[in-house]
Amino acid sequence: MTASSARRPAGPRPRPSAGARTPASSLPVARVLVEVPLAHLDRPFDYLVDARDDAAAQPGVRVKVRFAGRQVGGFVLARVAESDHTGQLGYLERVVSPEPVLTTEVFELARAVADRYAGTLADVLRLAVPPRHARVEKQGKAGPATDAPVGTPVPAGPGGDDAERPVPPVPPDWSDAERPVPPVPPDWSDAYPAGAAFFKAIREGRPARAVWQALPGEDWPARLAETAAAAWAAGRGALLIVPDATDLARLDAALTIALGPDRHVTLTADLGPAERYRRFLAIRRGERTIVAGTRAAAFAPVADLGLVAVFDDGDDLLAEPRAPYPHVREVLMLRSAARSGPMLIAGFARTAEAQLLLDSGWAQALGPHRPLVRARCPWVRATGSEHVAGATSAAAHTRLPPAAFEAARSALGRGAPVLVQVPRAGYVPAVACEQCRRPARCRRCRGPLRVTAAQTSSLLQCRWCGTNEAYFRCGACGSARIRATTIGAGRTAEEIGRAFPGVPILNSSGATGRPDVPDGPAIVVATPGAEPVAPTGYGAALLLDGRLLLGRPDLRAGEETLRRWMGAAALVRPQRSGGQVVVAAESALSTVQALIRWDPAGHAEAELAARRELGFPPAVAMAAIDGTQVAMMDALDRLHLPPDAEVLGPVPLDDGEQPVTDLEDEPLDGAGSMLLGSDPGLPAGTRLRALIRAPLAQRKALTAALQATAAGRSARKLGGGLRVTMDPAEVI
DNA sequence: TCAATCCGTATC
DNA sequence: ATACGGATTGAC
């Protein structure tokens, strides 16, 4: 049967009107964002709204539509009177739920984040809106569009016929009557000179943006809760993001003290689908206006947001690992900028990114009274050469430096707990050939080996493919002997236990969970970021393996090391109460000096200056393109770069982080790779990385060019295999 | 001359 | 991705 079509544009035929649908009488067109991963389809498409769906198909709801012949999910962005699409419109297949889960603010935020990271809106929405859970939706209040009870958020009424109906802002659910009389708010001015001005800005909803340097020993969860309470008292919501679950538990407790149990909610991805959606809905419906969470919560649709805050923005947990890899600090900056609202970037240390915000005047420093720093700081000493000299690396890390031993003994003698910070959990995590010191690698996949059992060194296992290696032989020199290159927390605990018999030893890492620290002599061996808080502070902290941390061939090694050290040292009592910190690193190093002088600002300034010098983020905008040779060449060819952009590379990306197929067995000539026009020296399938850098002023042009290139490639079905990352963390 | 197949392109 | 229009091919 041939449809009686005259000239009509290419595309799928409209469905033979199933069930005879009629357009809604008012605003019959829904502008829909379809959930497809293709870069060139990253824009709204118009659909007709059937009269039956008129009430439910409000802006922000999830829908199903027929798109290129198949059913796909999407969000209604707006209802409009007519479409500017010249072809036939299809109908919305159905409204999945009347719950408007996507607010205007979050939609605009997601768009801005996608553009900032050269990604697609659909990708960001996947991060921003949690999957629906139908049962949870029914349990709570009914959706506003069905039988809305009084007081639930209701989208703007029927409205005019021709007016575009924007997604309504979420009105707060509480009434003025039930808000408590706000107590006199603390404004931090006794410890932080700029505190009063910042709190004033929160109360007045002005766009103050502050980089807060917390004092050593500071009860930061309590301070953050005070900022949230100030926003609450001003009748607005607040959004506070922390790196991990332990930080969140502390913040949750502090918020409960500051605001009671019913005004805030915590939000993390690991709550499970039902609870996560339940809390998301409570936020969306305005039942909770103070929100604390981990990185996924940065997109939470908080009603009338009056403050955004992030704690410890250097923690890499705040960088989303899924495309387009947004960082919480940037997401909250975009939110703060869009709303012209206050923002707080908090931490003991300071990132180069935060320093740039200060340099550019976008944010103001909220630092402590300098004399107070001296009063609150523990005594910090470095012990570099004395235990490094002459010792093999393994021995250096298994022996406590004398100064560290003394500090621990004196603290324990005074009845105080001691914190020992070691780089990684596990028992001898990495091994190397004893002869030539090359990393021990798996015979099958060339992955790094680790020791799996505590007693024997003969049980080696590949960290990538899991293959057990019973008879190791070094691929380079043939030696059969191995040695440890890193000693993890477990082994350190054993050795310290032998040094202090009778003292309880507690392990704390991501894997073991965090023990409660007694208010008495105990040794806590912890990995960075997993240090438990001691009730009255630690008597001493030993920061081991500093050389290892600082020696990493990483752009951020110095910044990251100082952040970890300060995170641990901040848990130690002040010097006048006997608090000591011993760091195992050369005292001449600038990072060590910054710890000794407790000067995160100076370190960040130097760090940023170095990045300017080298032309690395955040002093420049940088994009990394990863892909196969063919994809890379095509992409670089299409890329319409801004005038001052510069391409570095591409270079092979075989630094050992990805499970590569055995390089030696790969045919090096290969007619296939010649056909593809690739460098015959590279094995087919080798991934390359190119870096593109541009002045900050050209960031928008750079990301737009990258999006256009991705769109062009996706429209021409030139497969994936290409990944774009803005300001990649691992630049080298 | 018509159907089968390939190609390019839009997807509402 | 798919699903379409239009061009191309090839058997009658």
# chains A, B, ... in the order shown; residues from 1 in each chain; ligands from 1

call {"tool": "interface_residues", "arguments": {"of": "chain B", "to": "chain A", "cutoff": "10 Å", "atoms": "only C-alpha atoms (C1' of nucleotides)", "output": "list in words"}}
result
DG8, DT9, DA10, DT11 and DC12 of chain B

call {"tool": "closest_atom_pairs", "arguments": {"of": "chain C", "to": "chain A", "cutoff": "12 Å", "atoms": "only C-alpha atoms (C1' of nucleotides)", "output": "JSON lines"}}
result
{"residue": "C:DA1", "atom": "C1'", "partner": "A:Ala68", "partner_atom": "CA", "distance": 8.5}
{"residue": "C:DT2", "atom": "C1'", "partner": "A:Ala68", "partner_atom": "CA", "distance": 5.9}
{"residue": "C:DA3", "atom": "C1'", "partner": "A:Pro12", "partner_atom": "CA", "distance": 5.7}
{"residue": "C:DC4", "atom": "C1'", "partner": "A:Gly11", "partner_atom": "CA", "distance": 4.9}
{"residue": "C:DG5", "atom": "C1'", "partner": "A:Ala10", "partner_atom": "CA", "distance": 5.8}
{"residue": "C:DG6", "atom": "C1'", "partner": "A:Ala10", "partner_atom": "CA", "distance": 9.9}

call {"tool": "write_last_selection", "arguments": {"atoms": "N, CA and C atoms (P, O5', C5', C4', C3', O3' and C1' of nucleotides)", "output": "compact mmCIF listing (two decimals), in the first residue's frame"}}
result
# COMPACT_ATOMS: atom_id res chain seq x y z
P DA C 1 24.50 2.81 14.46
O5' DA C 1 23.44 1.80 14.91
C5' DA C 1 22.40 1.06 14.96
C4' DA C 1 21.28 1.58 15.81
C3' DA C 1 19.95 1.47 15.04
O3' DA C 1 18.95 0.91 15.86
C1' DA C 1 20.36 3.75 15.68
P DT C 2 17.99 -0.25 15.25
O5' DT C 2 16.97 0.35 14.22
C5' DT C 2 17.15 1.69 13.89
C4' DT C 2 15.78 2.22 13.53
C3' DT C 2 15.21 1.54 12.30
O3' DT C 2 13.90 1.99 12.24
C1' DT C 2 16.15 3.61 11.71
P DA C 3 12.68 1.27 11.68
O5' DA C 3 11.93 2.35 10.79
C5' DA C 3 11.95 3.70 11.19
C4' DA C 3 11.93 4.56 9.94
C3' DA C 3 11.42 3.85 8.69
O3' DA C 3 10.72 4.81 7.95
C1' DA C 3 13.52 4.72 8.26
P DC C 4 9.37 4.45 7.28
O5' DC C 4 9.58 5.12 5.85
C5' DC C 4 9.37 6.51 5.78
C4' DC C 4 10.56 7.22 5.16
C3' DC C 4 10.64 7.09 3.65
O3' DC C 4 9.71 7.98 3.08
C1' DC C 4 12.79 7.21 4.72
P DG C 5 9.35 7.88 1.51
O5' DG C 5 10.49 8.77 0.86
C5' DG C 5 10.64 10.11 1.30
C4' DG C 5 11.74 10.78 0.48
C3' DG C 5 11.51 10.69 -1.02
O3' DG C 5 11.97 11.90 -1.60
C1' DG C 5 13.49 9.48 -0.43
P DG C 6 11.86 12.13 -3.16
O5' DG C 6 13.24 11.54 -3.70
C5' DG C 6 14.45 12.12 -3.23
C4' DG C 6 15.60 11.42 -3.89
C3' DG C 6 15.39 11.14 -5.39
O3' DG C 6 16.55 11.61 -6.08
C1' DG C 6 16.02 9.16 -4.26

call {"tool": "closest_residue", "arguments": {"among": "A:Val310, A:Val106, A:Val129, A:Leu571", "to": "Gly293 (chain A)", "atoms": "only C-alpha atoms"}}
result
A:Val310

call {"tool": "residues_around", "arguments": {"residues": "Gly537 (chain A)", "least_positions_apart": "2", "cutoff": "9 Å", "atoms": "only C-alpha atoms (C1' of nucleotides)", "output": "mmCIF file with C-alpha atoms, in the first residue's frame"}}
result
data_model
loop_
_atom_site.group_PDB
_atom_site.id
_atom_site.type_symbol
_atom_site.label_atom_id
_atom_site.label_comp_id
_atom_site.auth_asym_id
_atom_site.auth_seq_id
_atom_site.Cartn_x
_atom_site.Cartn_y
_atom_site.Cartn_z
ATOM 1 C CA GLY A 217 40.951 21.946 63.967
ATOM 2 C CA ALA A 416 46.303 10.915 73.226
ATOM 3 C CA PRO A 417 45.571 8.984 70.034
ATOM 4 C CA ASP A 519 39.733 9.458 73.743
ATOM 5 C CA VAL A 533 37.973 12.455 63.673
ATOM 6 C CA ALA A 534 39.267 12.076 67.228
ATOM 7 C CA PRO A 535 36.923 13.448 69.901
ATOM 8 C CA GLY A 539 48.089 14.135 69.943
ATOM 9 C CA ALA A 540 50.229 13.538 66.870
ATOM 10 C CA ALA A 570 43.796 19.659 60.841
ATOM 11 C CA LEU A 571 42.650 16.812 63.103
ATOM 12 C CA VAL A 572 45.591 17.285 65.462
ATOM 13 C CA ARG A 573 45.530 19.361 68.646
ATOM 14 C CA PRO A 574 47.168 22.803 68.615
ATOM 15 C CA GLY A 579 49.883 18.533 69.075
#

call {"tool": "atom_distance", "arguments": {"atom1": "CA of Arg564 (chain A)", "atom2": "CA of Pro528 (chain A)"}}
result
5.8 Å

call {"tool": "atom_distance", "arguments": {"atom1": "CA of Tyr538 (chain A)", "atom2": "CA of Phe348 (chain A)"}}
result
16.8 Å

call {"tool": "atom_distance", "arguments": {"atom1": "CA of Ala375 (chain A)", "atom2": "CA of Ser590 (chain A)"}}
result
22.4 Å

call {"tool": "residues_around", "arguments": {"residues": "DA3 (chain B)", "least_positions_apart": "3", "cutoff": "12 Å", "atoms": "only C-alpha atoms (C1' of nucleotides)", "output": "number ranges by chain"}}
result
C: 9-12

call {"tool": "residues_around", "arguments": {"residues": "DA7 (chain C)", "least_positions_apart": "5", "cutoff": "12 Å", "atoms": "only C-alpha atoms (C1' of nucleotides)", "output": "ChimeraX atom specification"}}
result
/B:5-8

call {"tool": "closest_residue", "arguments": {"among": "A:Val72, A:Arg498, A:Val724, A:Gly475", "to": "Arg438 (chain A)", "atoms": "only C-alpha atoms"}}
result
A:Gly475

call {"tool": "residues_around", "arguments": {"residues": "region 637-650 of chain A", "least_positions_apart": "2", "cutoff": "12 Å", "atoms": "only C-alpha atoms (C1' of nucleotides)", "output": "PyMOL selection string"}}
result
chain A and resi 615-616+620-635+652-653+679+686-713+731-732

call {"tool": "write_last_selection", "arguments": {"atoms": "N, CA and C atoms", "output": "compact mmCIF listing (two decimals), in the first residue's frame"}}
result
# COMPACT_ATOMS: atom_id res chain seq x y z
N GLY A 615 51.32 26.72 30.95
CA GLY A 615 50.17 26.71 30.06
C GLY A 615 49.25 25.53 30.32
N PHE A 616 48.96 25.29 31.60
CA PHE A 616 48.06 24.20 31.95
C PHE A 616 46.85 24.74 32.70
N VAL A 620 44.66 28.00 31.60
CA VAL A 620 44.16 27.99 30.22
C VAL A 620 42.99 27.03 30.15
N ALA A 621 42.22 27.11 29.09
CA ALA A 621 41.20 26.10 28.83
C ALA A 621 41.87 24.97 28.08
N MET A 622 41.62 23.75 28.53
CA MET A 622 42.26 22.63 27.85
C MET A 622 41.25 21.53 27.59
N ALA A 623 41.38 20.94 26.42
CA ALA A 623 40.53 19.80 26.09
C ALA A 623 41.43 18.63 25.72
N ALA A 624 41.04 17.43 26.15
CA ALA A 624 41.74 16.23 25.72
C ALA A 624 40.81 15.48 24.78
N ILE A 625 41.35 15.08 23.65
CA ILE A 625 40.60 14.23 22.73
C ILE A 625 41.28 12.87 22.72
N ASP A 626 40.54 11.83 23.07
CA ASP A 626 41.08 10.47 23.03
C ASP A 626 40.37 9.70 21.93
N GLY A 627 41.11 8.94 21.18
CA GLY A 627 40.45 8.13 20.17
C GLY A 627 41.45 7.36 19.34
N THR A 628 40.91 6.54 18.46
CA THR A 628 41.78 5.79 17.56
C THR A 628 42.39 6.76 16.57
N GLN A 629 43.40 6.29 15.89
CA GLN A 629 44.10 7.13 14.93
C GLN A 629 43.18 7.72 13.87
N VAL A 630 42.31 6.88 13.32
CA VAL A 630 41.42 7.34 12.26
C VAL A 630 40.47 8.41 12.78
N ALA A 631 39.84 8.10 13.91
CA ALA A 631 38.89 9.05 14.48
C ALA A 631 39.59 10.35 14.83
N MET A 632 40.77 10.23 15.38
CA MET A 632 41.53 11.40 15.80
C MET A 632 41.85 12.30 14.61
N MET A 633 42.36 11.69 13.53
CA MET A 633 42.75 12.49 12.36
C MET A 633 41.54 13.19 11.77
N ASP A 634 40.44 12.46 11.67
CA ASP A 634 39.21 13.04 11.13
C ASP A 634 38.73 14.19 12.01
N ALA A 635 38.76 13.96 13.32
CA ALA A 635 38.25 14.98 14.24
C ALA A 635 39.11 16.25 14.17
N PRO A 652 50.51 8.51 21.45
CA PRO A 652 49.88 7.26 21.89
C PRO A 652 49.57 7.31 23.38
N LEU A 653 48.45 6.75 23.72
CA LEU A 653 47.98 6.78 25.10
C LEU A 653 48.15 5.39 25.70
N ASP A 679 49.78 5.49 11.06
CA ASP A 679 51.21 5.35 11.21
C ASP A 679 51.56 3.88 11.35
N THR A 686 45.50 1.21 18.70
CA THR A 686 46.14 2.06 19.69
C THR A 686 45.33 3.34 19.83
N ARG A 687 45.12 3.72 21.06
CA ARG A 687 44.40 4.97 21.27
C ARG A 687 45.38 6.11 21.42
N LEU A 688 44.98 7.23 20.87
CA LEU A 688 45.83 8.42 20.91
C LEU A 688 45.15 9.49 21.75
N ARG A 689 45.97 10.41 22.22
CA ARG A 689 45.42 11.56 22.91
C ARG A 689 46.03 12.84 22.35
N ALA A 690 45.15 13.75 22.02
CA ALA A 690 45.60 15.10 21.64
C ALA A 690 45.11 16.07 22.70
N LEU A 691 45.94 17.05 22.99
CA LEU A 691 45.51 18.10 23.92
C LEU A 691 45.34 19.38 23.13
N ILE A 692 44.29 20.10 23.45
CA ILE A 692 44.09 21.39 22.80
C ILE A 692 44.01 22.43 23.88
N ARG A 693 44.82 23.45 23.77
CA ARG A 693 44.71 24.49 24.78
C ARG A 693 44.41 25.83 24.13
N ALA A 694 43.66 26.62 24.87
CA ALA A 694 43.24 27.93 24.38
C ALA A 694 43.21 28.88 25.56
N PRO A 695 43.34 30.17 25.28
CA PRO A 695 43.21 31.14 26.37
C PRO A 695 41.83 31.01 26.99
N LEU A 696 41.73 31.35 28.28
CA LEU A 696 40.45 31.21 28.97
C LEU A 696 39.34 31.95 28.25
N ALA A 697 39.67 33.08 27.65
CA ALA A 697 38.64 33.88 26.98
C ALA A 697 38.06 33.14 25.79
N GLN A 698 38.76 32.12 25.30
CA GLN A 698 38.25 31.39 24.13
C GLN A 698 37.69 30.02 24.49
N ARG A 699 37.41 29.82 25.77
CA ARG A 699 36.89 28.52 26.18
C ARG A 699 35.57 28.19 25.49
N LYS A 700 34.67 29.18 25.45
CA LYS A 700 33.36 28.94 24.84
C LYS A 700 33.51 28.54 23.38
N ALA A 701 34.39 29.25 22.68
CA ALA A 701 34.60 28.95 21.26
C ALA A 701 35.19 27.55 21.10
N LEU A 702 36.08 27.18 22.03
CA LEU A 702 36.69 25.86 21.96
C LEU A 702 35.66 24.75 22.19
N THR A 703 34.86 24.89 23.25
CA THR A 703 33.87 23.84 23.53
C THR A 703 32.83 23.78 22.42
N ALA A 704 32.45 24.95 21.88
CA ALA A 704 31.47 24.96 20.79
C ALA A 704 32.05 24.24 19.57
N ALA A 705 33.32 24.47 19.30
CA ALA A 705 33.96 23.81 18.16
C ALA A 705 33.99 22.30 18.36
N LEU A 706 34.28 21.88 19.59
CA LEU A 706 34.32 20.46 19.88
C LEU A 706 32.94 19.84 19.75
N GLN A 707 31.92 20.56 20.22
CA GLN A 707 30.55 20.05 20.08
C GLN A 707 30.17 19.93 18.61
N ALA A 708 30.54 20.94 17.83
CA ALA A 708 30.21 20.92 16.40
C ALA A 708 30.89 19.75 15.71
N THR A 709 32.12 19.50 16.09
CA THR A 709 32.85 18.38 15.50
C THR A 709 32.20 17.05 15.86
N ALA A 710 31.84 16.92 17.14
CA ALA A 710 31.17 15.69 17.57
C ALA A 710 29.85 15.53 16.84
N ALA A 711 29.13 16.64 16.65
CA ALA A 711 27.85 16.58 15.94
C ALA A 711 28.06 16.15 14.50
N GLY A 712 29.06 16.73 13.85
CA GLY A 712 29.33 16.38 12.47
C GLY A 712 29.69 14.91 12.32
N ARG A 713 30.49 14.41 13.23
CA ARG A 713 30.89 13.00 13.16
C ARG A 713 29.71 12.08 13.45
N VAL A 731 46.77 15.15 33.17
CA VAL A 731 47.51 15.73 32.06
C VAL A 731 48.99 15.42 32.26
N ILE A 732 49.57 14.84 31.30
CA ILE A 732 51.03 14.65 31.32
C ILE A 732 51.49 14.37 29.92
